[in-house]
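Source file: final37.cif; contents: mmCIF, C-alpha atoms.
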```cif
data_final
loop_
_atom_site.group_PDB
_atom_site.id
_atom_site.type_symbol
_atom_site.label_atom_id
_atom_site.label_comp_id
_atom_site.auth_asym_id
_atom_site.auth_seq_id
_atom_site.Cartn_x
_atom_site.Cartn_y
_atom_site.Cartn_z
ATOM 1 C CA MET M 1 247.373 120.431 -0.566
ATOM 2 C CA ASN M 2 245.237 119.084 -3.403
ATOM 3 C CA PRO M 3 244.994 121.921 -5.979
ATOM 4 C CA SER M 4 241.255 121.246 -6.387
ATOM 5 C CA THR M 5 240.634 121.785 -2.647
ATOM 6 C CA PRO M 6 239.261 125.270 -2.030
ATOM 7 C CA HIS M 7 241.719 127.265 0.044
ATOM 8 C CA ILE M 8 240.171 130.210 1.876
ATOM 9 C CA ARG M 9 242.280 132.955 3.418
ATOM 10 C CA PRO M 10 240.726 133.564 6.848
ATOM 11 C CA PRO M 11 240.438 137.043 8.358
ATOM 12 C CA ALA M 12 243.756 138.023 9.978
ATOM 13 C CA VAL M 13 242.872 141.346 11.629
ATOM 14 C CA ALA M 14 239.245 140.915 12.727
ATOM 15 C CA ASP M 15 238.932 141.943 16.396
ATOM 16 C CA MET M 16 241.959 144.226 15.902
ATOM 17 C CA PHE M 17 241.292 146.577 12.981
ATOM 18 C CA TYR M 18 237.527 146.011 12.957
ATOM 19 C CA PRO M 19 234.967 144.009 14.977
ATOM 20 C CA GLY M 20 235.212 140.234 14.653
ATOM 21 C CA SER M 21 231.510 139.761 15.392
ATOM 22 C CA ALA M 22 229.430 139.833 12.200
ATOM 23 C CA PRO M 23 226.417 141.634 13.788
ATOM 24 C CA VAL M 24 228.632 144.284 15.426
ATOM 25 C CA LEU M 25 230.680 144.748 12.247
ATOM 26 C CA ALA M 26 227.525 145.071 10.104
ATOM 27 C CA ARG M 27 226.046 147.577 12.559
ATOM 28 C CA ASP M 28 229.236 149.689 12.652
ATOM 29 C CA LEU M 29 229.481 149.728 8.857
ATOM 30 C CA ARG M 30 225.816 150.684 8.468
ATOM 31 C CA ARG M 31 226.296 153.512 10.957
ATOM 32 C CA MET M 32 229.432 154.907 9.275
ATOM 33 C CA LEU M 33 227.911 154.667 5.792
ATOM 34 C CA ALA M 34 224.625 156.244 6.923
ATOM 35 C CA GLU M 35 226.479 159.330 8.166
ATOM 36 C CA ILE M 36 227.626 160.170 4.622
ATOM 37 C CA PRO M 37 225.230 162.580 2.847
ATOM 38 C CA PRO M 38 223.920 161.223 -0.483
ATOM 39 C CA VAL M 39 225.678 162.463 -3.614
ATOM 40 C CA SER M 40 224.624 162.324 -7.235
ATOM 41 C CA GLY M 41 226.890 162.017 -10.225
ATOM 42 C CA THR M 42 228.805 159.430 -12.166
ATOM 43 C CA ARG M 43 229.972 156.249 -10.478
ATOM 44 C CA ALA M 44 233.674 156.069 -9.688
ATOM 45 C CA LYS M 45 235.775 153.748 -11.843
ATOM 46 C CA ALA M 46 238.466 153.703 -9.154
ATOM 47 C CA ILE M 47 238.864 154.836 -5.562
ATOM 48 C CA ILE M 48 241.641 155.346 -3.023
ATOM 49 C CA ALA M 49 240.605 154.445 0.546
ATOM 50 C CA PRO M 50 242.556 154.328 3.834
ATOM 51 C CA HIS M 51 243.296 151.105 5.722
ATOM 52 C CA ALA M 52 243.791 151.792 9.427
ATOM 53 C CA GLY M 53 241.593 150.483 12.213
ATOM 54 C CA TYR M 54 237.979 151.491 11.618
ATOM 55 C CA ILE M 55 237.934 153.667 14.756
ATOM 56 C CA TYR M 56 240.613 155.823 13.078
ATOM 57 C CA SER M 57 239.990 155.706 9.331
ATOM 58 C CA GLY M 58 236.561 154.090 9.002
ATOM 59 C CA PRO M 59 234.623 157.368 8.573
ATOM 60 C CA ILE M 60 237.020 158.512 5.834
ATOM 61 C CA ALA M 61 236.731 155.165 4.023
ATOM 62 C CA ALA M 62 232.938 155.309 4.376
ATOM 63 C CA SER M 63 232.888 158.654 2.534
ATOM 64 C CA VAL M 64 234.173 157.035 -0.675
ATOM 65 C CA TYR M 65 232.348 153.704 -0.274
ATOM 66 C CA SER M 66 228.890 155.121 0.488
ATOM 67 C CA PRO M 67 228.193 156.391 -3.072
ATOM 68 C CA LEU M 68 229.047 152.928 -4.463
ATOM 69 C CA ALA M 69 225.954 151.496 -2.772
ATOM 70 C CA ALA M 70 224.017 152.870 -5.764
ATOM 71 C CA SER M 71 225.874 150.258 -7.858
ATOM 72 C CA TYR M 72 224.835 147.342 -5.604
ATOM 73 C CA GLY M 73 224.694 144.210 -7.764
ATOM 74 C CA SER M 74 226.139 145.840 -10.895
ATOM 75 C CA ILE M 75 229.840 145.856 -9.961
ATOM 76 C CA ARG M 76 230.823 142.216 -10.390
ATOM 77 C CA ARG M 77 234.593 142.433 -9.988
ATOM 78 C CA VAL M 78 236.847 144.395 -7.643
ATOM 79 C CA VAL M 79 240.544 144.789 -8.396
ATOM 80 C CA LEU M 80 242.089 145.556 -4.995
ATOM 81 C CA LEU M 81 245.689 146.708 -4.550
ATOM 82 C CA GLY M 82 247.471 147.604 -1.338
ATOM 83 C CA PRO M 83 251.009 147.785 0.010
ATOM 84 C CA THR M 84 252.702 144.977 1.915
ATOM 85 C CA HIS M 85 253.418 145.840 5.560
ATOM 86 C CA ARG M 86 254.801 142.561 6.919
ATOM 87 C CA VAL M 87 256.334 140.454 4.143
ATOM 88 C CA ALA M 88 258.712 141.842 1.533
ATOM 89 C CA VAL M 89 257.868 140.749 -1.988
ATOM 90 C CA ASN M 90 259.190 141.594 -5.427
ATOM 91 C CA GLY M 91 256.408 142.645 -7.776
ATOM 92 C CA LEU M 92 252.662 142.328 -7.276
ATOM 93 C CA ALA M 93 251.625 139.238 -5.338
ATOM 94 C CA LEU M 94 248.481 137.229 -5.986
ATOM 95 C CA PRO M 95 247.360 134.809 -3.280
ATOM 96 C CA ALA M 96 247.157 131.074 -3.965
ATOM 97 C CA ALA M 97 243.837 131.142 -2.074
ATOM 98 C CA SER M 98 240.581 130.657 -3.958
ATOM 99 C CA ALA M 99 238.626 133.017 -1.663
ATOM 100 C CA PHE M 100 239.017 135.556 1.162
ATOM 101 C CA ALA M 101 236.802 135.370 4.237
ATOM 102 C CA THR M 102 235.631 138.120 6.579
ATOM 103 C CA PRO M 103 233.086 137.924 9.408
ATOM 104 C CA LEU M 104 230.491 138.974 6.776
ATOM 105 C CA GLY M 105 231.128 135.999 4.478
ATOM 106 C CA VAL M 106 233.381 134.652 1.747
ATOM 107 C CA VAL M 107 234.504 136.547 -1.363
ATOM 108 C CA PRO M 108 235.652 134.346 -4.283
ATOM 109 C CA ILE M 109 238.855 135.106 -6.170
ATOM 110 C CA ASP M 110 238.266 135.940 -9.849
ATOM 111 C CA ARG M 111 240.123 133.075 -11.560
ATOM 112 C CA GLN M 112 239.626 134.608 -15.012
ATOM 113 C CA ALA M 113 241.316 137.818 -13.877
ATOM 114 C CA VAL M 114 244.150 135.805 -12.285
ATOM 115 C CA ALA M 115 244.702 134.001 -15.589
ATOM 116 C CA ALA M 116 244.767 137.330 -17.451
ATOM 117 C CA ILE M 117 247.691 138.736 -15.439
ATOM 118 C CA GLU M 118 249.651 135.629 -14.398
ATOM 119 C CA PRO M 119 251.837 135.767 -17.553
ATOM 120 C CA LEU M 120 253.103 139.269 -16.649
ATOM 121 C CA PRO M 121 256.661 139.072 -15.231
ATOM 122 C CA GLN M 122 255.891 141.455 -12.341
ATOM 123 C CA VAL M 123 253.032 139.227 -11.078
ATOM 124 C CA VAL M 124 253.973 136.559 -8.542
ATOM 125 C CA VAL M 125 252.036 134.237 -6.216
ATOM 126 C CA SER M 126 252.671 134.564 -2.483
ATOM 127 C CA ASP M 127 250.296 133.388 0.200
ATOM 128 C CA ALA M 128 252.789 134.699 2.782
ATOM 129 C CA ALA M 129 252.389 138.266 1.476
ATOM 130 C CA HIS M 130 248.618 138.004 2.025
ATOM 131 C CA ALA M 131 248.444 135.899 5.203
ATOM 132 C CA HIS M 132 248.644 138.746 7.751
ATOM 133 C CA GLU M 133 248.275 141.783 5.477
ATOM 134 C CA HIS M 134 245.646 144.243 6.693
ATOM 135 C CA SER M 135 245.731 146.778 3.838
ATOM 136 C CA LEU M 136 243.512 144.622 1.602
ATOM 137 C CA GLU M 137 241.463 142.871 4.270
ATOM 138 C CA VAL M 138 240.033 146.011 5.889
ATOM 139 C CA GLN M 139 238.492 147.086 2.559
ATOM 140 C CA LEU M 140 236.498 143.874 2.170
ATOM 141 C CA PRO M 141 233.722 144.419 4.758
ATOM 142 C CA PHE M 142 233.017 147.840 3.202
ATOM 143 C CA LEU M 143 232.908 146.270 -0.262
ATOM 144 C CA GLN M 144 230.670 143.410 0.893
ATOM 145 C CA THR M 145 228.272 145.916 2.453
ATOM 146 C CA VAL M 146 227.977 148.354 -0.467
ATOM 147 C CA LEU M 147 228.286 145.936 -3.419
ATOM 148 C CA GLY M 148 226.776 142.644 -2.294
ATOM 149 C CA GLU M 149 228.293 139.744 -4.245
ATOM 150 C CA PHE M 150 231.401 140.242 -6.355
ATOM 151 C CA ALA M 151 234.597 138.448 -7.359
ATOM 152 C CA LEU M 152 237.926 139.739 -6.053
ATOM 153 C CA LEU M 153 241.361 140.178 -7.603
ATOM 154 C CA PRO M 154 243.642 141.051 -4.636
ATOM 155 C CA LEU M 155 247.240 142.154 -5.179
ATOM 156 C CA ALA M 156 249.740 142.835 -2.418
ATOM 157 C CA VAL M 157 252.145 145.325 -3.950
ATOM 158 C CA GLY M 158 255.807 145.096 -2.958
ATOM 159 C CA ARG M 159 258.888 146.256 -4.842
ATOM 160 C CA ALA M 160 257.513 147.347 -8.206
ATOM 161 C CA SER M 161 257.366 150.414 -10.407
ATOM 162 C CA ALA M 162 254.317 152.562 -11.037
ATOM 163 C CA THR M 163 254.542 151.500 -14.697
ATOM 164 C CA GLN M 164 254.375 147.833 -13.715
ATOM 165 C CA VAL M 165 251.287 148.516 -11.596
ATOM 166 C CA ALA M 166 249.650 150.491 -14.432
ATOM 167 C CA GLU M 167 250.320 147.604 -16.836
ATOM 168 C CA VAL M 168 248.478 145.196 -14.525
ATOM 169 C CA LEU M 169 245.577 147.644 -14.126
ATOM 170 C CA GLU M 170 245.362 147.978 -17.909
ATOM 171 C CA CYS M 171 244.925 144.193 -18.246
ATOM 172 C CA LEU M 172 242.102 144.241 -15.691
ATOM 173 C CA TRP M 173 240.478 147.590 -16.556
ATOM 174 C CA GLY M 174 237.231 146.149 -17.909
ATOM 175 C CA GLY M 175 234.027 148.169 -18.106
ATOM 176 C CA ASP M 176 231.327 149.231 -15.651
ATOM 177 C CA GLU M 177 231.420 145.784 -14.037
ATOM 178 C CA THR M 178 234.947 146.409 -12.689
ATOM 179 C CA LEU M 179 235.887 148.670 -9.771
ATOM 180 C CA ILE M 180 239.523 149.410 -8.912
ATOM 181 C CA VAL M 181 240.330 150.013 -5.241
ATOM 182 C CA ILE M 182 243.709 151.274 -4.039
ATOM 183 C CA SER M 183 244.320 150.941 -0.317
ATOM 184 C CA SER M 184 246.641 153.585 1.152
ATOM 185 C CA ASP M 185 247.087 155.766 4.191
ATOM 186 C CA LEU M 186 248.894 159.091 3.842
ATOM 187 C CA SER M 187 251.549 160.642 6.143
ATOM 188 C CA HIS M 188 252.645 158.753 9.252
ATOM 189 C CA TYR M 189 253.380 160.004 12.783
ATOM 190 C CA LEU M 190 253.718 163.721 12.116
ATOM 191 C CA PRO M 191 252.316 166.331 14.522
ATOM 192 C CA TYR M 192 248.754 167.321 13.611
ATOM 193 C CA ALA M 193 249.488 170.629 11.841
ATOM 194 C CA ALA M 194 252.423 169.199 9.868
ATOM 195 C CA ALA M 195 250.335 166.214 8.809
ATOM 196 C CA ARG M 196 247.552 168.450 7.546
ATOM 197 C CA GLN M 197 250.015 170.447 5.463
ATOM 198 C CA THR M 198 251.768 167.340 4.086
ATOM 199 C CA ASP M 199 248.507 165.545 3.288
ATOM 200 C CA SER M 200 247.029 168.623 1.562
ATOM 201 C CA ASN M 201 250.096 168.741 -0.644
ATOM 202 C CA THR M 202 249.820 165.000 -1.407
ATOM 203 C CA ALA M 203 246.125 165.441 -2.247
ATOM 204 C CA ARG M 204 247.007 168.192 -4.731
ATOM 205 C CA HIS M 205 249.419 165.817 -6.497
ATOM 206 C CA ILE M 206 246.798 163.059 -6.613
ATOM 207 C CA LEU M 207 244.161 165.446 -8.016
ATOM 208 C CA ALA M 208 246.657 166.523 -10.696
ATOM 209 C CA LEU M 209 247.267 162.810 -11.541
ATOM 210 C CA ASP M 210 250.919 163.434 -10.779
ATOM 211 C CA ALA M 211 252.419 159.963 -10.314
ATOM 212 C CA HIS M 212 255.369 161.055 -8.161
ATOM 213 C CA ILE M 213 253.980 160.315 -4.702
ATOM 214 C CA ASP M 214 256.663 158.948 -2.351
ATOM 215 C CA HIS M 215 256.381 156.569 0.592
ATOM 216 C CA GLN M 216 256.624 159.395 3.151
ATOM 217 C CA GLN M 217 253.466 160.856 1.593
ATOM 218 C CA ALA M 218 251.549 157.573 1.273
ATOM 219 C CA CYS M 219 252.365 154.031 2.400
ATOM 220 C CA GLY M 220 250.590 152.769 -0.725
ATOM 221 C CA ALA M 221 252.597 155.114 -2.947
ATOM 222 C CA THR M 222 253.423 152.418 -5.537
ATOM 223 C CA PRO M 223 249.827 151.326 -6.246
ATOM 224 C CA VAL M 224 248.647 154.952 -5.973
ATOM 225 C CA ASN M 225 251.181 156.054 -8.599
ATOM 226 C CA GLY M 226 250.213 153.133 -10.828
ATOM 227 C CA LEU M 227 246.560 154.173 -10.635
ATOM 228 C CA LEU M 228 247.471 157.806 -11.398
ATOM 229 C CA LEU M 229 249.300 156.695 -14.573
ATOM 230 C CA ALA M 230 246.323 154.560 -15.616
ATOM 231 C CA ALA M 231 243.829 157.330 -14.780
ATOM 232 C CA ARG M 232 245.765 159.734 -16.972
ATOM 233 C CA GLN M 233 245.833 157.161 -19.785
ATOM 234 C CA HIS M 234 242.040 156.713 -19.529
ATOM 235 C CA ASP M 235 241.345 160.448 -19.170
ATOM 236 C CA LEU M 236 239.764 160.111 -15.732
ATOM 237 C CA GLU M 237 239.501 162.998 -13.323
ATOM 238 C CA ALA M 238 240.244 162.713 -9.629
ATOM 239 C CA GLN M 239 237.977 164.031 -6.905
ATOM 240 C CA LEU M 240 238.867 164.558 -3.249
ATOM 241 C CA ILE M 241 236.090 163.127 -1.089
ATOM 242 C CA ASP M 242 237.594 163.395 2.397
ATOM 243 C CA LEU M 243 240.949 164.333 3.931
ATOM 244 C CA ARG M 244 241.459 163.920 7.667
ATOM 245 C CA ASN M 245 243.775 162.196 10.101
ATOM 246 C CA SER M 246 243.700 160.152 13.288
ATOM 247 C CA GLY M 247 243.769 163.394 15.313
ATOM 248 C CA ASP M 248 240.354 164.223 13.821
ATOM 249 C CA THR M 249 238.808 160.818 14.548
ATOM 250 C CA ALA M 250 240.148 158.933 17.556
ATOM 251 C CA GLY M 251 243.808 159.645 18.261
ATOM 252 C CA ASP M 252 245.824 162.289 20.041
ATOM 253 C CA ARG M 253 247.297 165.075 17.943
ATOM 254 C CA SER M 254 250.985 164.768 18.798
ATOM 255 C CA ARG M 255 251.607 161.980 16.251
ATOM 256 C CA VAL M 256 248.911 161.312 13.676
ATOM 257 C CA VAL M 257 248.342 159.212 10.553
ATOM 258 C CA GLY M 258 246.787 160.872 7.514
ATOM 259 C CA TYR M 259 243.816 159.453 5.597
ATOM 260 C CA GLY M 260 242.453 160.482 2.210
ATOM 261 C CA ALA M 261 239.490 159.276 0.188
ATOM 262 C CA PHE M 262 239.568 159.914 -3.567
ATOM 263 C CA ALA M 263 237.287 158.926 -6.445
ATOM 264 C CA PHE M 264 238.269 158.703 -10.108
ATOM 265 C CA ASN M 265 235.529 159.242 -12.688
ATOM 266 C CA GLU M 266 235.201 159.574 -16.415
ATOM 267 C CA LYS M 267 235.039 163.226 -17.369
ATOM 268 C CA PRO M 268 231.489 164.384 -18.139
ATOM 269 C CA CYS M 269 230.738 164.970 -21.810
ATOM 270 C CA HIS M 270 230.025 168.618 -22.546
ATOM 271 C CA VAL M 271 227.475 169.033 -25.294
ATOM 272 C CA HIS M 272 227.911 172.283 -27.219
#
```

Whole structure, structure tokens version:
Amino acid sequence: MNPSTPHIRPPAVADMFYPGSAPVLARDLRRMLAEIPPVSGTRAKAIIAPHAGYIYSGPIAASVYSPLAASYGSIRRVVLLGPTHRVAVNGLALPAASAFATPLGVVPIDRQAVAAIEPLPQVVVSDAAHAHEHSLEVQLPFLQTVLGEFALLPLAVGRASATQVAEVLECLWGGDETLIVISSDLSHYLPYAAARQTDSNTARHILALDAHIDHQQACGATPVNGLLLAARQHDLEAQLIDLRNSGDTAGDRSRVVGYGAFAFNEKPCHVH
């Protein structure tokens, strides 16, 4: 392939995790976002959002995306990290693609951001890691709806340490123009009551910025832990927005998947 030819990663899980029809997808997103009561306060610098099918985790994701609509047009770059589910990779994988497509349109890759982190030894390029990965893709229609136009820096996180993730986030931290999104579900396939207990415990660790989450607690444990290290470094505080599971939304309660939505904000200045 000629390197100057634009290479767009097409949607891999449209019609499975979310509607493949643009009008239906836009309608569903509008409905989920409209059900979230308005909140005032500082805009999140970073968020954690779940990545299951929208019927299961969409309402929980909407709870953390809805407040970002107030920043429509002002967030110009999204740094998006999620775990790899299908292809094993060492480090944090960038795509070779120049853009990602969803039924709602095309999101360009931020080449400047790519250049900033490519020299790091833990950063690799793997189109295979991105080709069928849903953890990043399902966040994009929400982002397109609440932010409008933005450039994307997508990283599929494989075998890496929390410190390596935090180092990448540090390079890309930026200012108010940059939003960091970590894609992660919580516990998997526990009975309803056990899942609630496990996920409440995980949420307490996240709120304490305790970067010792394991993969039984969250499938995106590595990027979550990396964000928690970075949040601590930048003196952010974590806020729990929503904590539910598939038994609360659309699944039976014998084996559920946990979903949490968290926002990370700068601490308010107290004037004495």

Identify the residues within 8 Å of coordinate (243.6, 155.8, 7.0) (same frame as the file), considering all atoms listed in the file, and give the answer as a list in words.
->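 Here the neighbourhood of the point contains Ala49, Pro50, His51, Ala52, Gly53, Tyr56, Ser57, Gly58, Ile60, Ala61, Ser184, Asp185, Leu186, Asn245, Ser246, Val257, Gly258, Tyr259 and Gly260 of chain M.
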
Run the PyMOL selection byres ((chain M and resi 134-143) around 9) mentally over the shown coordinates, then write out the matched residues as number ranges by chain, using the chain letters and numbers from the document.
-> M: 11-14, 17-18, 25-26, 29, 33, 49-54, 61-62, 65-66, 68, 78, 80-85, 100-105, 107, 130-133, 144-150, 154-156, 181-184, 220

Check the smallest atom-to-atom distance from each of M:Gln233, M:Leu94, M:Pro19, M:His215 to Ala128 in chain M using only C-alpha atoms, then report the winner.
->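 Smallest separation from Ala128 in chain M among the options: M:Leu94.
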
I would like the residues chosen by the PyMOL selection byres ((chain M and resi 207) around 12) on the shown file; could you give them as a ChimeraX atom specification?
-> /M:48,200-206,208-211,213,224-225,227-228,231-232,236-241,260-265

Quote the spacing between CA of Leu169 in chain M and CA of Val79 in chain M in Å to one decimal place.
->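 Between CA of Leu169 in chain M and CA of Val79 in chain M the gap works out to 8.1 Å.
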
Using all atoms listed in the file, pick whichever of M:His188, M:Arg159, M:Arg253, M:Arg244 has the shortest atom-to-atom distance to Ala93 in chain M.
-> M:Arg159

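If all atoms listed in the file are the atoms counted, then among M:Ala96, M:Leu152, M:Val24, M:Leu229 the closest residue to Leu179 in chain M is M:Leu152.
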
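For the pair CA of Pro67 in chain M and CA of Arg30 in chain M, the separation is 13.1 Å.
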
Might you spell out which residues the PyMOL selection byres ((chain M and resi 191) around 6) would select in the displayed file, as number ranges by chain?
-> M: 190, 192-194, 254-255

Go ahead and compute the interatomic distance for CA of Arg77 in chain M and CA of Leu92 in chain M, in Å to one decimal.
->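 Value for the CA of Arg77 in chain M-CA of Leu92 in chain M distance: 18.3 Å.
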
Rank M:Ala160, M:Ala113, M:Ile8, M:Leu243 by their smallest atom-to-atom distance to Val64 in chain M, using all atoms listed in the file, and report the top residue only.
->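 Residue with the minimum atom-to-atom distance to Val64 in chain M: M:Leu243.
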
List the residues sitting within 9 Å of (244.4, 134.1, -11.1) in the file's frame, using only C-alpha atoms, as a PyMOL selection string.
-> chain M and resi 94-96+98+109-118+153

Residues within 9 Å of Asp176 in chain M, all atoms listed in the file, excluding chain neighbours under 6 positions, as a list in words |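 Selected residues are Arg43, Lys45, Ser74, Ile75 and Arg76 of chain M.
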
Out of M:Pro59, M:Pro38, M:Gly158, M:Gly175, which residue has the shortest atom-to-atom distance to Arg86 in chain M when counting only C-alpha atoms?
-> M:Gly158
